[in-house]
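These notes concern the structure reproduced below.
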Amino acid sequence: MRLIILGPPGAGKGTQAARIAEHHGIPAISTGDIFRANIKNETELGTQVKAILASGGYVSDEITNAIVEDRLAQDDCAPGFLLDGYPRTLAQVDALDAMLAGHGQALDRVLELTVDDEVVVGRLLKRAELEGRDDDTEDVIRERMGIYHRETRPLAQTYRERGLLVDVDGDGAVDEVTARILAALG
């Protein structure tokens, strides 16, 4: 199964991606996790990404596409994958389509977790406090939410038009949301 999970920062994508991936026996691929690992390991990519994320921006399509293409080429992705945090722009949708078509593959479903903006802000502020994530200040969170609504939210419509989008209410207990997702995937 080849899946994408969409939703604003703090909607629970990472938590749900891990559960869905385990259920289907596929890897959950988080571009955010890849970027944070590079920052922690102080790689060249990590140095570039750290400054971008600290300001609330997003990493360029060129860098992100290359990282995703490299990851999807790994053997554990042969039976499928779940992408979390990618694509986030229409240009990345086109790049992903080309990557998959080059291997004779296509997406099966795109999940969109919907959560009220103020709920998301509250979740992210709590996460910042618990995990010590310096990229989660209120100003940065609100900037990332604005970018999400302008650039990434329109992808849901693209995937809806393709008949791939499944909307799932992302508010509530983690187990409740997981149950909704698994039911929606059939």
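A note on labels: chains of the structure tokens are A, B, ... as shown, every chain counts residues from 1, and ligands are counted from 1 in their shown order.
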
How close does stretch 90-175 of chain A get to stretch 18-21 of chain A? List, as a tab-separated table, each residue of stretch 90-175 of chain A within 12 Å, its nearest atom pair and the distance in Å to one decimal, counting only C-alpha atoms.
```
residue	atom	partner	partner_atom	distance
A:Leu111	CA	A:Ile20	CA	10.8
A:Val174	CA	A:Arg19	CA	9.9
A:Asp175	CA	A:Arg19	CA	9.6
```

List as an mmCIF file with N, CA and C atoms, in the first residue's frame the protein and nucleic acid residues near A:Ile67, meaning an atom at most 9 Å away when only C-alpha atoms are counted, but skip any in the same chain fewer than 4 places from it.
```
data_model
loop_
_atom_site.group_PDB
_atom_site.id
_atom_site.type_symbol
_atom_site.label_atom_id
_atom_site.label_comp_id
_atom_site.auth_asym_id
_atom_site.auth_seq_id
_atom_site.Cartn_x
_atom_site.Cartn_y
_atom_site.Cartn_z
ATOM 1 N N THR A 31 9.664 13.179 6.435
ATOM 2 C CA THR A 31 10.730 14.086 6.023
ATOM 3 C C THR A 31 11.209 14.898 7.225
ATOM 4 N N ILE A 34 13.702 12.851 9.089
ATOM 5 C CA ILE A 34 14.964 12.785 8.331
ATOM 6 C C ILE A 34 15.748 14.086 8.529
ATOM 7 N N GLU A 62 13.665 21.088 -4.029
ATOM 8 C CA GLU A 62 14.806 20.375 -4.606
ATOM 9 C C GLU A 62 15.460 19.439 -3.582
ATOM 10 N N ILE A 63 15.735 19.960 -2.397
ATOM 11 C CA ILE A 63 16.357 19.146 -1.343
ATOM 12 C C ILE A 63 15.407 18.039 -0.902
ATOM 13 N N ARG A 71 15.044 7.768 -0.441
ATOM 14 C CA ARG A 71 14.414 6.890 0.565
ATOM 15 C C ARG A 71 13.479 5.877 -0.086
ATOM 16 N N LEU A 72 12.705 6.296 -1.076
ATOM 17 C CA LEU A 72 11.766 5.373 -1.735
ATOM 18 C C LEU A 72 12.478 4.297 -2.547
#
```

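Taking only C-alpha atoms, the non-local environment of A:Pro79 within 7 Å (same-chain residues fewer than 2 positions away omitted) comprises Met1, Ile26 and Cys77 of chain A.
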
Could you please take those selected residues and save all heavy atoms as a tab-separated table (two decimals), in the first residue's frame?
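In the end it all went to out_35.tsv:
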```
chain	number	residue	atom	x	y	z
A	1	MET	N	0.85	-1.17	0.00
A	1	MET	CA	0.00	0.00	0.00
A	1	MET	C	0.89	1.24	0.00
A	1	MET	O	1.81	1.34	0.80
A	1	MET	CB	-0.90	-0.04	1.23
A	1	MET	CG	-1.95	1.01	1.24
A	1	MET	SD	-3.29	0.65	2.41
A	1	MET	CE	-4.56	0.18	1.26
A	26	ILE	N	4.49	-1.59	6.38
A	26	ILE	CA	5.24	-0.71	5.46
A	26	ILE	C	5.97	0.34	6.28
A	26	ILE	O	5.58	0.64	7.41
A	26	ILE	CB	4.29	-0.04	4.43
A	26	ILE	CG1	3.19	0.76	5.14
A	26	ILE	CG2	3.72	-1.08	3.47
A	26	ILE	CD1	2.27	1.55	4.22
A	77	CYS	N	10.85	-0.23	0.94
A	77	CYS	CA	9.71	0.49	0.36
A	77	CYS	C	9.06	-0.28	-0.80
A	77	CYS	O	8.03	0.16	-1.31
A	77	CYS	CB	10.14	1.87	-0.13
A	77	CYS	SG	10.56	2.99	1.22
```

Excluding A:Val115 and any residue of its chain fewer than 4 positions from it, enumerate the residues within 12 Å of it, using only C-alpha atoms, and give them as a list in words. Leu6, Gly7, Pro8, Pro9, Gly10, Ala11, Gly12, Lys13, Val119, Val120, Val121, Gly122, Arg123, Met145, Asp167, Val168, Asp169, Gly170, Asp171, Gly172 and Val177 of chain A

With only C-alpha atoms as the counted atoms, please give the residues lying no more than 12 Å from A:Arg144, apart from itself and same-chain residues fewer than 2 positions off, as a PyMOL selection string. chain A and resi 7-10+52-59+88+117+120-121+124+135-142+146-153

Non-local contacts of stretch 163-166 of chain A (8 Å; only C-alpha atoms; under 4 positions in same chain excluded) as a ChimeraX atom specification: /A:107-112,156,159,184-185

Write the residues you've just listed into a file as a PDB file, in the first residue's frame, and include all heavy atoms for each of them.
```pdb
ATOM      1  N   LEU A 107      -0.028   5.981  -6.202  1.00  0.00           N
ATOM      2  CA  LEU A 107      -0.550   6.053  -4.842  1.00  0.00           C
ATOM      3  C   LEU A 107      -1.850   5.271  -4.733  1.00  0.00           C
ATOM      4  O   LEU A 107      -2.633   5.210  -5.691  1.00  0.00           O
ATOM      5  CB  LEU A 107      -0.818   7.504  -4.447  1.00  0.00           C
ATOM      6  CG  LEU A 107       0.399   8.384  -4.254  1.00  0.00           C
ATOM      7  CD1 LEU A 107      -0.029   9.841  -4.107  1.00  0.00           C
ATOM      8  CD2 LEU A 107       1.198   7.935  -3.039  1.00  0.00           C
ATOM      9  N   ASP A 108      -2.095   4.695  -3.550  1.00  0.00           N
ATOM     10  CA  ASP A 108      -3.354   4.007  -3.291  1.00  0.00           C
ATOM     11  C   ASP A 108      -4.367   4.926  -2.615  1.00  0.00           C
ATOM     12  O   ASP A 108      -5.541   4.927  -2.971  1.00  0.00           O
ATOM     13  CB  ASP A 108      -3.112   2.772  -2.411  1.00  0.00           C
ATOM     14  CG  ASP A 108      -2.301   1.719  -3.143  1.00  0.00           C
ATOM     15  OD1 ASP A 108      -2.742   1.275  -4.224  1.00  0.00           O
ATOM     16  OD2 ASP A 108      -1.204   1.364  -2.658  1.00  0.00           O
ATOM     17  N   ARG A 109      -3.900   5.686  -1.625  1.00  0.00           N
ATOM     18  CA  ARG A 109      -4.784   6.582  -0.883  1.00  0.00           C
ATOM     19  C   ARG A 109      -3.984   7.748  -0.307  1.00  0.00           C
ATOM     20  O   ARG A 109      -2.798   7.633  -0.029  1.00  0.00           O
ATOM     21  CB  ARG A 109      -5.436   5.878   0.304  1.00  0.00           C
ATOM     22  CG  ARG A 109      -6.476   4.861  -0.026  1.00  0.00           C
ATOM     23  CD  ARG A 109      -7.836   5.530  -0.060  1.00  0.00           C
ATOM     24  NE  ARG A 109      -8.910   4.572   0.021  1.00  0.00           N
ATOM     25  CZ  ARG A 109      -9.375   3.910  -1.014  1.00  0.00           C
ATOM     26  NH1 ARG A 109      -8.849   4.064  -2.192  1.00  0.00           N
ATOM     27  NH2 ARG A 109     -10.385   3.078  -0.874  1.00  0.00           N
ATOM     28  N   VAL A 110      -4.702   8.849  -0.067  1.00  0.00           N
ATOM     29  CA  VAL A 110      -4.149  10.004   0.627  1.00  0.00           C
ATOM     30  C   VAL A 110      -5.097  10.309   1.786  1.00  0.00           C
ATOM     31  O   VAL A 110      -6.276  10.568   1.565  1.00  0.00           O
ATOM     32  CB  VAL A 110      -4.018  11.227  -0.310  1.00  0.00           C
ATOM     33  CG1 VAL A 110      -3.529  12.441   0.464  1.00  0.00           C
ATOM     34  CG2 VAL A 110      -3.103  10.906  -1.479  1.00  0.00           C
ATOM     35  N   LEU A 111      -4.569  10.242   2.997  1.00  0.00           N
ATOM     36  CA  LEU A 111      -5.353  10.531   4.190  1.00  0.00           C
ATOM     37  C   LEU A 111      -5.150  11.984   4.576  1.00  0.00           C
ATOM     38  O   LEU A 111      -4.022  12.477   4.547  1.00  0.00           O
ATOM     39  CB  LEU A 111      -4.882   9.671   5.363  1.00  0.00           C
ATOM     40  CG  LEU A 111      -4.971   8.166   5.186  1.00  0.00           C
ATOM     41  CD1 LEU A 111      -4.174   7.473   6.268  1.00  0.00           C
ATOM     42  CD2 LEU A 111      -6.418   7.734   5.206  1.00  0.00           C
ATOM     43  N   GLU A 112      -6.224  12.650   4.954  1.00  0.00           N
ATOM     44  CA  GLU A 112      -6.087  14.002   5.482  1.00  0.00           C
ATOM     45  C   GLU A 112      -6.687  14.036   6.872  1.00  0.00           C
ATOM     46  O   GLU A 112      -7.874  13.782   7.058  1.00  0.00           O
ATOM     47  CB  GLU A 112      -6.787  15.045   4.607  1.00  0.00           C
ATOM     48  CG  GLU A 112      -6.587  16.437   5.180  1.00  0.00           C
ATOM     49  CD  GLU A 112      -7.272  17.536   4.395  1.00  0.00           C
ATOM     50  OE1 GLU A 112      -8.307  17.269   3.753  1.00  0.00           O
ATOM     51  OE2 GLU A 112      -6.776  18.669   4.439  1.00  0.00           O
ATOM     52  N   ALA A 156      -4.904  18.670  -0.862  1.00  0.00           N
ATOM     53  CA  ALA A 156      -6.056  17.823  -0.565  1.00  0.00           C
ATOM     54  C   ALA A 156      -7.053  17.868  -1.721  1.00  0.00           C
ATOM     55  O   ALA A 156      -7.591  16.824  -2.128  1.00  0.00           O
ATOM     56  CB  ALA A 156      -6.718  18.258   0.742  1.00  0.00           C
ATOM     57  N   TYR A 159      -5.809  15.795  -4.678  1.00  0.00           N
ATOM     58  CA  TYR A 159      -5.997  14.356  -4.466  1.00  0.00           C
ATOM     59  C   TYR A 159      -7.485  13.980  -4.412  1.00  0.00           C
ATOM     60  O   TYR A 159      -7.860  12.878  -4.814  1.00  0.00           O
ATOM     61  CB  TYR A 159      -5.245  13.889  -3.217  1.00  0.00           C
ATOM     62  CG  TYR A 159      -3.749  13.844  -3.448  1.00  0.00           C
ATOM     63  CD1 TYR A 159      -2.877  14.588  -2.670  1.00  0.00           C
ATOM     64  CD2 TYR A 159      -3.207  13.062  -4.465  1.00  0.00           C
ATOM     65  CE1 TYR A 159      -1.502  14.546  -2.890  1.00  0.00           C
ATOM     66  CE2 TYR A 159      -1.845  13.014  -4.690  1.00  0.00           C
ATOM     67  CZ  TYR A 159      -1.003  13.754  -3.904  1.00  0.00           C
ATOM     68  OH  TYR A 159       0.346  13.707  -4.129  1.00  0.00           O
ATOM     69  N   ALA A 184     -11.508   3.869   7.518  1.00  0.00           N
ATOM     70  CA  ALA A 184     -11.577   4.609   6.249  1.00  0.00           C
ATOM     71  C   ALA A 184     -10.752   3.941   5.153  1.00  0.00           C
ATOM     72  O   ALA A 184     -11.099   4.006   3.974  1.00  0.00           O
ATOM     73  CB  ALA A 184     -11.093   6.041   6.465  1.00  0.00           C
ATOM     74  N   LEU A 185      -9.639   3.295   5.536  1.00  0.00           N
ATOM     75  CA  LEU A 185      -8.797   2.605   4.550  1.00  0.00           C
ATOM     76  C   LEU A 185      -9.396   1.267   4.125  1.00  0.00           C
ATOM     77  O   LEU A 185      -8.993   0.708   3.110  1.00  0.00           O
ATOM     78  CB  LEU A 185      -7.385   2.383   5.099  1.00  0.00           C
ATOM     79  CG  LEU A 185      -6.529   3.625   5.231  1.00  0.00           C
ATOM     80  CD1 LEU A 185      -5.206   3.287   5.910  1.00  0.00           C
ATOM     81  CD2 LEU A 185      -6.281   4.247   3.854  1.00  0.00           C
TER      82      LEU A 185
END
```

Enumerate the residues of stretch 85-173 of chain A with a DSSP assignment of strand (DSSP E), computed from the backbone, and present them as a PyMOL selection string. chain A and resi 109-114+165-169

Please identify which residues in chain A DSSP calls alpha helix (DSSP H) from the backbone, and express them as JSON, numbers by chain. {"A": [13, 14, 15, 16, 17, 18, 19, 20, 21, 22, 23, 24, 31, 32, 33, 34, 35, 36, 37, 38, 39, 40, 44, 45, 46, 47, 48, 49, 50, 51, 52, 53, 54, 61, 62, 63, 64, 65, 66, 67, 68, 69, 70, 71, 72, 90, 91, 92, 93, 94, 95, 96, 97, 98, 99, 100, 101, 117, 118, 119, 120, 121, 122, 123, 124, 125, 126, 127, 128, 129, 130, 131, 138, 139, 140, 141, 142, 143, 144, 145, 146, 147, 153, 154, 155, 156, 157, 158, 159, 160, 161, 174, 175, 176, 177, 178, 179, 180, 181, 182, 183, 184, 185]}

Could you please take those selected residues and save C-alpha atoms as a compact mmCIF listing (two decimals), in the first residue's frame?
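Output file selection.txt is given in full below:
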```txt
# COMPACT_ATOMS: atom_id res chain seq x y z
CA LYS A 13 0.41 12.67 11.53
CA GLY A 14 3.57 11.18 13.03
CA THR A 15 1.73 9.23 15.70
CA GLN A 16 -0.87 7.92 13.26
CA ALA A 17 1.68 7.25 10.51
CA ALA A 18 3.60 4.88 12.79
CA ARG A 19 0.41 3.00 13.69
CA ILE A 20 -0.83 2.76 10.09
CA ALA A 21 2.59 1.68 8.82
CA GLU A 22 2.84 -1.03 11.47
CA HIS A 23 -0.70 -2.24 10.66
CA HIS A 24 0.16 -2.53 6.95
CA THR A 31 10.73 14.09 6.02
CA GLY A 32 10.71 16.00 9.32
CA ASP A 33 12.36 13.06 11.10
CA ILE A 34 14.96 12.79 8.33
CA PHE A 35 15.71 16.50 8.63
CA ARG A 36 15.91 16.39 12.46
CA ALA A 37 18.30 13.39 12.31
CA ASN A 38 20.57 15.33 9.97
CA ILE A 39 20.47 18.36 12.29
CA LYS A 40 21.31 16.18 15.31
CA GLU A 44 25.86 19.41 5.76
CA LEU A 45 22.14 18.98 5.08
CA GLY A 46 21.44 19.37 8.80
CA THR A 47 23.22 22.72 8.92
CA GLN A 48 21.17 24.02 5.96
CA VAL A 49 17.89 22.71 7.34
CA LYS A 50 18.42 23.94 10.92
CA ALA A 51 18.39 27.61 9.90
CA ILE A 52 15.33 27.13 7.68
CA LEU A 53 13.29 25.30 10.34
CA ALA A 54 14.29 27.69 13.13
CA ASP A 61 11.48 21.25 -3.01
CA GLU A 62 14.81 20.37 -4.61
CA ILE A 63 16.36 19.15 -1.34
CA THR A 64 13.18 17.42 -0.16
CA ASN A 65 12.51 15.67 -3.49
CA ALA A 66 16.05 14.28 -3.56
CA ILE A 67 15.76 12.94 -0.01
CA VAL A 68 12.38 11.30 -0.71
CA GLU A 69 13.52 9.77 -3.99
CA ASP A 70 16.57 8.27 -2.28
CA ARG A 71 14.41 6.89 0.56
CA LEU A 72 11.77 5.37 -1.73
CA LEU A 90 2.04 21.03 -6.01
CA ALA A 91 5.57 20.86 -7.45
CA GLN A 92 6.32 18.04 -5.01
CA VAL A 93 3.12 16.25 -6.07
CA ASP A 94 4.42 16.35 -9.66
CA ALA A 95 7.86 15.12 -8.54
CA LEU A 96 6.31 12.24 -6.56
CA ASP A 97 4.08 11.30 -9.52
CA ALA A 98 7.19 11.13 -11.72
CA MET A 99 9.14 9.08 -9.15
CA LEU A 100 6.34 6.54 -8.83
CA ALA A 101 5.59 6.40 -12.57
CA ASP A 117 -6.14 25.35 14.16
CA GLU A 118 -6.36 26.38 17.83
CA VAL A 119 -6.33 22.72 18.92
CA VAL A 120 -3.19 22.22 16.83
CA VAL A 121 -1.47 25.28 18.31
CA GLY A 122 -2.21 24.00 21.81
CA ARG A 123 -0.88 20.53 20.96
CA LEU A 124 2.34 21.93 19.50
CA LEU A 125 3.00 24.22 22.45
CA LYS A 126 2.55 21.27 24.80
CA ARG A 127 4.84 19.11 22.63
CA ALA A 128 7.48 21.86 22.66
CA GLU A 129 7.34 21.93 26.45
CA LEU A 130 7.52 18.13 26.81
CA GLU A 131 10.13 17.44 24.13
CA GLU A 138 3.97 30.06 19.15
CA ASP A 139 5.17 32.51 16.48
CA VAL A 140 6.90 29.73 14.52
CA ILE A 141 3.86 27.44 14.92
CA ARG A 142 1.52 30.12 13.56
CA GLU A 143 3.89 30.82 10.65
CA ARG A 144 4.02 27.09 9.82
CA MET A 145 0.20 26.93 10.02
CA GLY A 146 -0.05 29.85 7.57
CA ILE A 147 2.35 28.16 5.16
CA ARG A 153 -3.84 22.40 2.15
CA PRO A 154 -4.59 22.83 -1.59
CA LEU A 155 -3.02 19.39 -2.21
CA ALA A 156 -6.06 17.82 -0.57
CA GLN A 157 -8.22 19.18 -3.39
CA THR A 158 -5.80 17.82 -6.00
CA TYR A 159 -6.00 14.36 -4.47
CA ARG A 160 -9.78 14.66 -3.98
CA GLU A 161 -10.13 15.32 -7.73
CA VAL A 174 -5.15 8.62 19.65
CA ASP A 175 -6.85 5.20 19.58
CA GLU A 176 -10.12 6.73 18.34
CA VAL A 177 -8.34 8.50 15.48
CA THR A 178 -6.44 5.30 14.57
CA ALA A 179 -9.72 3.36 14.48
CA ARG A 180 -11.26 6.01 12.18
CA ILE A 181 -8.27 5.84 9.83
CA LEU A 182 -8.19 2.05 9.62
CA ALA A 183 -11.94 1.97 8.99
CA ALA A 184 -11.58 4.61 6.25
CA LEU A 185 -8.80 2.60 4.55
```

With distances taken over only C-alpha atoms, the candidate from A:Pro27, A:Glu42, A:Asp116, A:Gln105 nearest A:Asp75 is A:Pro27

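Going from atom CA of A:Leu3 over to atom CA of A:Gly186, you cover 13.3 Å.
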
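Among the candidate residues A:His103, A:Arg162, A:Arg2, A:Arg133, the one lying nearest to A:Gly80 is A:Arg2, with distances computed using only C-alpha atoms.
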
Quick one, how far is atom CA of A:Gly85 from atom CA of A:Ser60? 12.9 Å

Please measure the separation of atom CA of A:Gly25 and atom CA of A:Asp76, giving the value in Å to one decimal.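 Separation of atom CA of A:Gly25 and atom CA of A:Asp76: 9.7 Å.
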